[in-house]
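**Student:** Have a look at this one.
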Amino acid sequence: TKGYAAMIAKTALQPFSFERREVGPHDVLITITHCGICHSDIHQARDEWGGSIFPMVPGHEIVGTVVHIGSAVTKFQTSDRVGVGCFVDSCRTCTSCKEGLEQFCENHLVFSYICTEKDGRTPTYGGYSKNIVVDEAFAPLQPVEPQDVRVVLDAVRQPVHPHQLLRGQVDLQPIRRYAQQLRARLQRRAAHRLAHRVDDLAPAGHPAIRRRIG
């Protein structure tokens with residue numbers, strides 16, 4: 001397939017041809033229609049964080065259409081509109097993966113780019129390209145209405161935004177995981193502040209406080 005790659009750090013992206021892996025039984029082949037730009041793509045292309053792998057095809061906020069499905073795929077059919085986020089596979093066997101927390105994979109989390117497939121050899125390339133092959137488990141279905149076909153051009157008002165793919169993987173899971181602890185902490189803080197407010201008002205004889213304690 002074709003894409004745009006940084007061949008070395010701190011250089012402009014240029015046309016680049018490369019091979020995607022073959023579509024496996026649980027894979028979907030996605031024609032990419034849109035890809036968001038995250039500032040982390042810029043950091044990686046400049047190797048500002050170290051560890052970048054070149055040539056690099058950036059892009060991890062991908063929206064596209066399924067054009068081919070593997071023989072064992074059950075979640076999708078051709079023409080479905082899907083998204084791909086910042087990681088595209090994991091070991092599936094560690095404790096985190098079994099708990100549905102693949103982003104904390106303890107063995108081999110496969111990022112959309114600057115990484116290798118689970119074989120440890122095949123490089124991954126991101127969404128600044130024509131297509132991508134992803135396991136169906138890592139391609140969330142994106143609901144779409146007919147009027148939303150120009151979703152990225154009108155992203156602020158439409159329900160699907162490429163940045164949601166990153167935010168969902170990075171932010172939503174920890175919020176879900178720690179929601180109970182966060183709720184309890186907020187309740188304690190609210191009670192603490194209320195108690196201080198009562199202490200402030202009671203000496204002044206505030207009518208509401210007198211009614212409650214009188």
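Numbering starts fresh at 1 for the residues of each chain in the structure tokens, the chains themselves are lettered A, B, ... in the order given, and ligands are numbered from 1 as they appear.
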Quick one: everything within 7 Å of A:Cys91, counting only C-alpha atoms, minus sequence neighbours fewer than 4 positions away in the same chain. Send it as a PyMOL selection string.
**Tutor:** chain A and resi 105+107-109
**Student:** Write out as a list in words the residues lying within 9 Å of A:Val110, counting only C-alpha atoms and excluding same-chain residues fewer than 5 positions away.
**Tutor:**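 Those residues are Cys86, Phe87, Val88, Asp89, Ser90, Cys91, Cys115, Thr116, Glu117, Lys118 and Thr124 of chain A.
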**Student:** Have a look at atom CA of A:Arg46 and atom CA of A:Met7 and let me know their distance in Å, one decimal.
**Tutor:**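 So the answer is 10.5 Å.
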**Student:** Ranking A:Ser40, A:Phe16, A:Ala5, A:Leu141 by minimum distance to A:Thr78 and counting only C-alpha atoms, which one comes first?
**Tutor:** A:Leu141
**Student:** Closest to A:Val63 among A:Gly127, A:Gly50, A:Gly100, A:Gly3, using only C-alpha atoms?
**Tutor:**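 Residue with the minimum atom-to-atom distance to A:Val63: A:Gly127.
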**Student:** Residues near A:Glu136, anyone? I mean within 8 Å using only C-alpha atoms, not counting same-chain ones fewer than 3 positions away, as a list of chain:residue names.
**Tutor:**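 What passes the distance filter is A:His26, A:Asp27, A:Val28, A:Val73, A:Lys75, A:Phe76, A:Ala139, A:Pro140.
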**Student:** Can you write just those residues out, all heavy atoms, as a PDB file, in the first residue's frame?
**Tutor:**
```
ATOM      1  N   HIS A  26      -9.263 -13.490  11.711  1.00  0.00           N
ATOM      2  CA  HIS A  26      -9.989 -12.544  12.570  1.00  0.00           C
ATOM      3  C   HIS A  26      -9.710 -11.079  12.207  1.00  0.00           C
ATOM      4  O   HIS A  26     -10.071 -10.177  12.961  1.00  0.00           O
ATOM      5  CB  HIS A  26      -9.620 -12.788  14.031  1.00  0.00           C
ATOM      6  CG  HIS A  26     -10.075 -14.115  14.560  1.00  0.00           C
ATOM      7  ND1 HIS A  26     -11.356 -14.347  14.992  1.00  0.00           N
ATOM      8  CD2 HIS A  26      -9.405 -15.295  14.687  1.00  0.00           C
ATOM      9  CE1 HIS A  26     -11.470 -15.602  15.385  1.00  0.00           C
ATOM     10  NE2 HIS A  26     -10.300 -16.200  15.210  1.00  0.00           N
ATOM     11  N   ASP A  27      -9.102 -10.855  11.064  1.00  0.00           N
ATOM     12  CA  ASP A  27      -8.706  -9.503  10.663  1.00  0.00           C
ATOM     13  C   ASP A  27      -9.742  -8.853   9.747  1.00  0.00           C
ATOM     14  O   ASP A  27     -10.534  -9.522   9.076  1.00  0.00           O
ATOM     15  CB  ASP A  27      -7.371  -9.527   9.916  1.00  0.00           C
ATOM     16  CG  ASP A  27      -6.208  -9.881  10.814  1.00  0.00           C
ATOM     17  OD1 ASP A  27      -6.321  -9.668  12.039  1.00  0.00           O
ATOM     18  OD2 ASP A  27      -5.188 -10.370  10.291  1.00  0.00           O
ATOM     19  N   VAL A  28      -9.685  -7.520   9.733  1.00  0.00           N
ATOM     20  CA  VAL A  28     -10.442  -6.742   8.756  1.00  0.00           C
ATOM     21  C   VAL A  28      -9.470  -5.840   8.008  1.00  0.00           C
ATOM     22  O   VAL A  28      -8.518  -5.313   8.586  1.00  0.00           O
ATOM     23  CB  VAL A  28     -11.552  -5.898   9.412  1.00  0.00           C
ATOM     24  CG1 VAL A  28     -12.643  -6.782   9.990  1.00  0.00           C
ATOM     25  CG2 VAL A  28     -10.990  -4.993  10.502  1.00  0.00           C
ATOM     26  N   VAL A  73     -14.325 -13.619  11.081  1.00  0.00           N
ATOM     27  CA  VAL A  73     -14.808 -12.344  11.610  1.00  0.00           C
ATOM     28  C   VAL A  73     -16.317 -12.408  11.837  1.00  0.00           C
ATOM     29  O   VAL A  73     -17.073 -12.870  10.971  1.00  0.00           O
ATOM     30  CB  VAL A  73     -14.462 -11.193  10.640  1.00  0.00           C
ATOM     31  CG1 VAL A  73     -15.190  -9.904  11.035  1.00  0.00           C
ATOM     32  CG2 VAL A  73     -12.959 -10.960  10.631  1.00  0.00           C
ATOM     33  N   LYS A  75     -17.870  -9.603  13.957  1.00  0.00           N
ATOM     34  CA  LYS A  75     -18.342  -8.278  14.369  1.00  0.00           C
ATOM     35  C   LYS A  75     -18.694  -7.369  13.206  1.00  0.00           C
ATOM     36  O   LYS A  75     -19.495  -6.445  13.360  1.00  0.00           O
ATOM     37  CB  LYS A  75     -17.274  -7.580  15.222  1.00  0.00           C
ATOM     38  CG  LYS A  75     -17.085  -8.147  16.602  1.00  0.00           C
ATOM     39  CD  LYS A  75     -15.974  -7.427  17.330  1.00  0.00           C
ATOM     40  CE  LYS A  75     -16.233  -5.931  17.435  1.00  0.00           C
ATOM     41  NZ  LYS A  75     -15.137  -5.243  18.177  1.00  0.00           N
ATOM     42  N   PHE A  76     -18.098  -7.609  12.041  1.00  0.00           N
ATOM     43  CA  PHE A  76     -18.216  -6.651  10.939  1.00  0.00           C
ATOM     44  C   PHE A  76     -18.597  -7.329   9.641  1.00  0.00           C
ATOM     45  O   PHE A  76     -18.446  -8.541   9.470  1.00  0.00           O
ATOM     46  CB  PHE A  76     -16.882  -5.909  10.733  1.00  0.00           C
ATOM     47  CG  PHE A  76     -16.392  -5.186  11.952  1.00  0.00           C
ATOM     48  CD1 PHE A  76     -15.273  -5.640  12.641  1.00  0.00           C
ATOM     49  CD2 PHE A  76     -17.045  -4.058  12.418  1.00  0.00           C
ATOM     50  CE1 PHE A  76     -14.819  -4.977  13.766  1.00  0.00           C
ATOM     51  CE2 PHE A  76     -16.595  -3.390  13.543  1.00  0.00           C
ATOM     52  CZ  PHE A  76     -15.484  -3.847  14.220  1.00  0.00           C
ATOM     53  N   ALA A 139     -10.982  -2.784  16.398  1.00  0.00           N
ATOM     54  CA  ALA A 139     -11.546  -1.844  15.425  1.00  0.00           C
ATOM     55  C   ALA A 139     -12.978  -1.533  15.823  1.00  0.00           C
ATOM     56  O   ALA A 139     -13.912  -2.190  15.360  1.00  0.00           O
ATOM     57  CB  ALA A 139     -11.495  -2.437  14.011  1.00  0.00           C
ATOM     58  N   PRO A 140     -13.189  -0.560  16.727  1.00  0.00           N
ATOM     59  CA  PRO A 140     -14.551  -0.271  17.184  1.00  0.00           C
ATOM     60  C   PRO A 140     -15.443   0.232  16.060  1.00  0.00           C
ATOM     61  O   PRO A 140     -15.027   1.020  15.216  1.00  0.00           O
ATOM     62  CB  PRO A 140     -14.350   0.818  18.255  1.00  0.00           C
ATOM     63  CG  PRO A 140     -13.031   1.431  17.924  1.00  0.00           C
ATOM     64  CD  PRO A 140     -12.193   0.325  17.346  1.00  0.00           C
TER      65      PRO A 140
END
```
**Student:** I'd like the contact shell of A:Glu19 - 10 Å cut-off, only C-alpha atoms, skipping same-chain residues fewer than 2 positions apart - returned as a ChimeraX atom specification.
**Tutor:** /A:1-2,17,21-22,122-125,132
**Student:** Which is closest to A:Glu102 among A:Ile8, A:Trp49, A:Arg81, A:Phe138, if we use only C-alpha atoms?
**Tutor:**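 Answer, going by the shortest atom-to-atom distance: A:Phe138.
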**Student:** Which distance in Å separates atom CA of A:Val134 and atom CA of A:Thr74, to one decimal?
**Tutor:**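 Straight-line distance from atom CA of A:Val134 to atom CA of A:Thr74 works out to 13.8 Å.
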**Student:** What is the distance between atom CA of A:Ile114 and atom CA of A:Gly85, in Å to one decimal?
**Tutor:** 13.7 Å
**Student:** From a DSSP calculation on the backbone, collect every residue of stretch 19-155 of chain A in helix (DSSP H, G or I) and output the set as number ranges by chain.
**Tutor:** A: 39-45, 95-98, 102-104, 136-138, 146-148, 152-155
**Student:** If you keep N, CA, C and O atoms, can you produce a file of those selected residues as a short mmCIF file (atom, residue, chain, number, x, y, z; two decimals), in the first residue's frame?
**Tutor:**
```cif
data_model
loop_
_atom_site.label_atom_id
_atom_site.label_comp_id
_atom_site.auth_asym_id
_atom_site.auth_seq_id
_atom_site.Cartn_x
_atom_site.Cartn_y
_atom_site.Cartn_z
N HIS A 39 -0.47 15.56 18.47
CA HIS A 39 0.86 16.15 18.62
C HIS A 39 1.90 15.09 18.92
O HIS A 39 3.10 15.28 18.65
N SER A 40 1.46 13.94 19.44
CA SER A 40 2.42 12.86 19.67
C SER A 40 3.00 12.37 18.34
O SER A 40 4.15 11.89 18.30
N ASP A 41 2.22 12.45 17.25
CA ASP A 41 2.77 12.09 15.94
C ASP A 41 3.97 12.97 15.59
O ASP A 41 4.97 12.51 15.04
N ILE A 42 3.85 14.24 15.91
CA ILE A 42 4.94 15.18 15.63
C ILE A 42 6.15 14.85 16.49
O ILE A 42 7.29 14.81 16.01
N HIS A 43 5.92 14.60 17.79
CA HIS A 43 7.02 14.24 18.67
C HIS A 43 7.74 12.98 18.16
O HIS A 43 8.98 12.93 18.14
N GLN A 44 6.94 11.99 17.75
CA GLN A 44 7.55 10.74 17.31
C GLN A 44 8.33 10.94 16.01
O GLN A 44 9.45 10.42 15.87
N ALA A 45 7.77 11.68 15.06
CA ALA A 45 8.45 11.89 13.78
C ALA A 45 9.75 12.67 13.96
O ALA A 45 10.69 12.52 13.17
N THR A 95 -2.89 -10.97 32.68
CA THR A 95 -3.99 -10.61 33.57
C THR A 95 -4.72 -9.37 33.07
O THR A 95 -5.97 -9.32 33.07
N SER A 96 -3.98 -8.35 32.65
CA SER A 96 -4.61 -7.11 32.19
C SER A 96 -5.49 -7.36 30.97
O SER A 96 -6.63 -6.88 30.89
N CYS A 97 -4.98 -8.11 30.00
CA CYS A 97 -5.76 -8.40 28.80
C CYS A 97 -7.03 -9.16 29.13
O CYS A 97 -8.11 -8.88 28.59
N LYS A 98 -6.94 -10.14 30.04
CA LYS A 98 -8.11 -10.91 30.41
C LYS A 98 -9.15 -10.08 31.14
O LYS A 98 -10.34 -10.43 31.15
N GLU A 102 -6.45 -4.04 27.86
CA GLU A 102 -5.35 -4.36 26.95
C GLU A 102 -4.28 -3.29 26.92
O GLU A 102 -3.12 -3.56 26.60
N GLN A 103 -4.65 -2.02 27.18
CA GLN A 103 -3.65 -0.96 27.14
C GLN A 103 -2.57 -1.14 28.21
O GLN A 103 -1.52 -0.51 28.14
N PHE A 104 -2.83 -2.01 29.19
CA PHE A 104 -1.84 -2.33 30.22
C PHE A 104 -1.20 -3.70 29.97
O PHE A 104 -0.67 -4.30 30.91
N GLU A 136 -10.29 -7.72 14.42
CA GLU A 136 -11.61 -7.15 14.62
C GLU A 136 -11.83 -6.66 16.06
O GLU A 136 -12.62 -5.75 16.30
N ALA A 137 -11.11 -7.24 17.02
CA ALA A 137 -11.28 -6.84 18.41
C ALA A 137 -10.76 -5.44 18.68
O ALA A 137 -11.09 -4.83 19.70
N PHE A 138 -9.95 -4.89 17.77
CA PHE A 138 -9.34 -3.59 17.99
C PHE A 138 -9.81 -2.55 16.95
O PHE A 138 -9.12 -1.57 16.71
N PRO A 146 -26.61 9.06 7.52
CA PRO A 146 -26.31 9.51 6.16
C PRO A 146 -25.74 10.91 6.08
O PRO A 146 -24.87 11.20 5.26
N GLN A 147 -26.21 11.80 6.96
CA GLN A 147 -25.74 13.17 6.88
C GLN A 147 -24.34 13.35 7.46
O GLN A 147 -23.75 14.42 7.40
N ASP A 148 -23.77 12.27 8.05
CA ASP A 148 -22.48 12.37 8.70
C ASP A 148 -21.32 11.91 7.82
O ASP A 148 -20.21 11.73 8.30
N VAL A 152 -15.29 14.24 9.38
CA VAL A 152 -14.11 14.94 9.86
C VAL A 152 -14.12 16.39 9.42
O VAL A 152 -13.61 17.26 10.12
N LEU A 153 -14.72 16.68 8.27
CA LEU A 153 -14.79 18.05 7.81
C LEU A 153 -15.73 18.87 8.68
O LEU A 153 -15.68 20.09 8.69
N ASP A 154 -16.62 18.17 9.40
CA ASP A 154 -17.57 18.86 10.26
C ASP A 154 -17.53 18.24 11.65
O ASP A 154 -18.53 18.05 12.30
N ALA A 155 -16.31 17.93 12.11
CA ALA A 155 -16.13 17.06 13.27
C ALA A 155 -16.70 17.63 14.56
O ALA A 155 -17.14 16.88 15.42
#
```
**Student:** I'd like the neighbourhood of A:Gln77 as number ranges by chain, where a residue qualifies if any of its atoms comes within 8 Å (using only C-alpha atoms), though same-chain residues fewer than 5 positions away should be ignored.
**Tutor:** A: 66, 68-69
**Student:** Selection from above, all heavy atoms, as a CSV table (one decimal), in the first residue's frame, can you write it?
**Tutor:**
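Writing the result to again_13.csv gives the following:
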```csv
chain,number,residue,atom,x,y,z
A,66,VAL,N,-14.6,-0.9,6.1
A,66,VAL,CA,-14.2,-2.3,6.0
A,66,VAL,C,-14.4,-2.7,4.5
A,66,VAL,O,-15.5,-2.5,4.0
A,66,VAL,CB,-15.0,-3.2,6.9
A,66,VAL,CG1,-14.6,-4.7,6.6
A,66,VAL,CG2,-14.7,-2.9,8.4
A,68,HIS,N,-12.7,-5.8,3.4
A,68,HIS,CA,-12.5,-7.2,3.3
A,68,HIS,C,-12.5,-7.7,4.7
A,68,HIS,O,-11.9,-7.1,5.6
A,68,HIS,CB,-11.2,-7.6,2.6
A,68,HIS,CG,-11.0,-9.0,2.4
A,68,HIS,ND1,-11.8,-9.8,1.6
A,68,HIS,CD2,-10.1,-9.9,3.0
A,68,HIS,CE1,-11.3,-11.1,1.7
A,68,HIS,NE2,-10.3,-11.1,2.5
A,69,ILE,N,-13.1,-8.9,5.0
A,69,ILE,CA,-13.1,-9.5,6.3
A,69,ILE,C,-12.5,-10.9,6.2
A,69,ILE,O,-12.6,-11.6,5.2
A,69,ILE,CB,-14.5,-9.5,6.9
A,69,ILE,CG1,-15.4,-10.4,6.1
A,69,ILE,CG2,-15.0,-8.1,7.1
A,69,ILE,CD1,-16.8,-10.6,6.8
```
**Student:** Could you pull the residues within 7 Å of A:Asn131, counting only C-alpha atoms, minus those fewer than 4 positions along the same chain, as an mmCIF file with C-alpha atoms, in the first residue's frame?
**Tutor:**
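Okay, around_4.cif is ready:
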```cif
data_model
loop_
_atom_site.group_PDB
_atom_site.id
_atom_site.type_symbol
_atom_site.label_atom_id
_atom_site.label_comp_id
_atom_site.auth_asym_id
_atom_site.auth_seq_id
_atom_site.Cartn_x
_atom_site.Cartn_y
_atom_site.Cartn_z
ATOM 1 C CA THR A 1 0.000 0.000 0.000
ATOM 2 C CA ILE A 30 -9.910 -1.103 6.235
ATOM 3 C CA THR A 31 -9.727 1.569 3.574
ATOM 4 C CA ILE A 32 -8.720 4.705 5.461
#
```
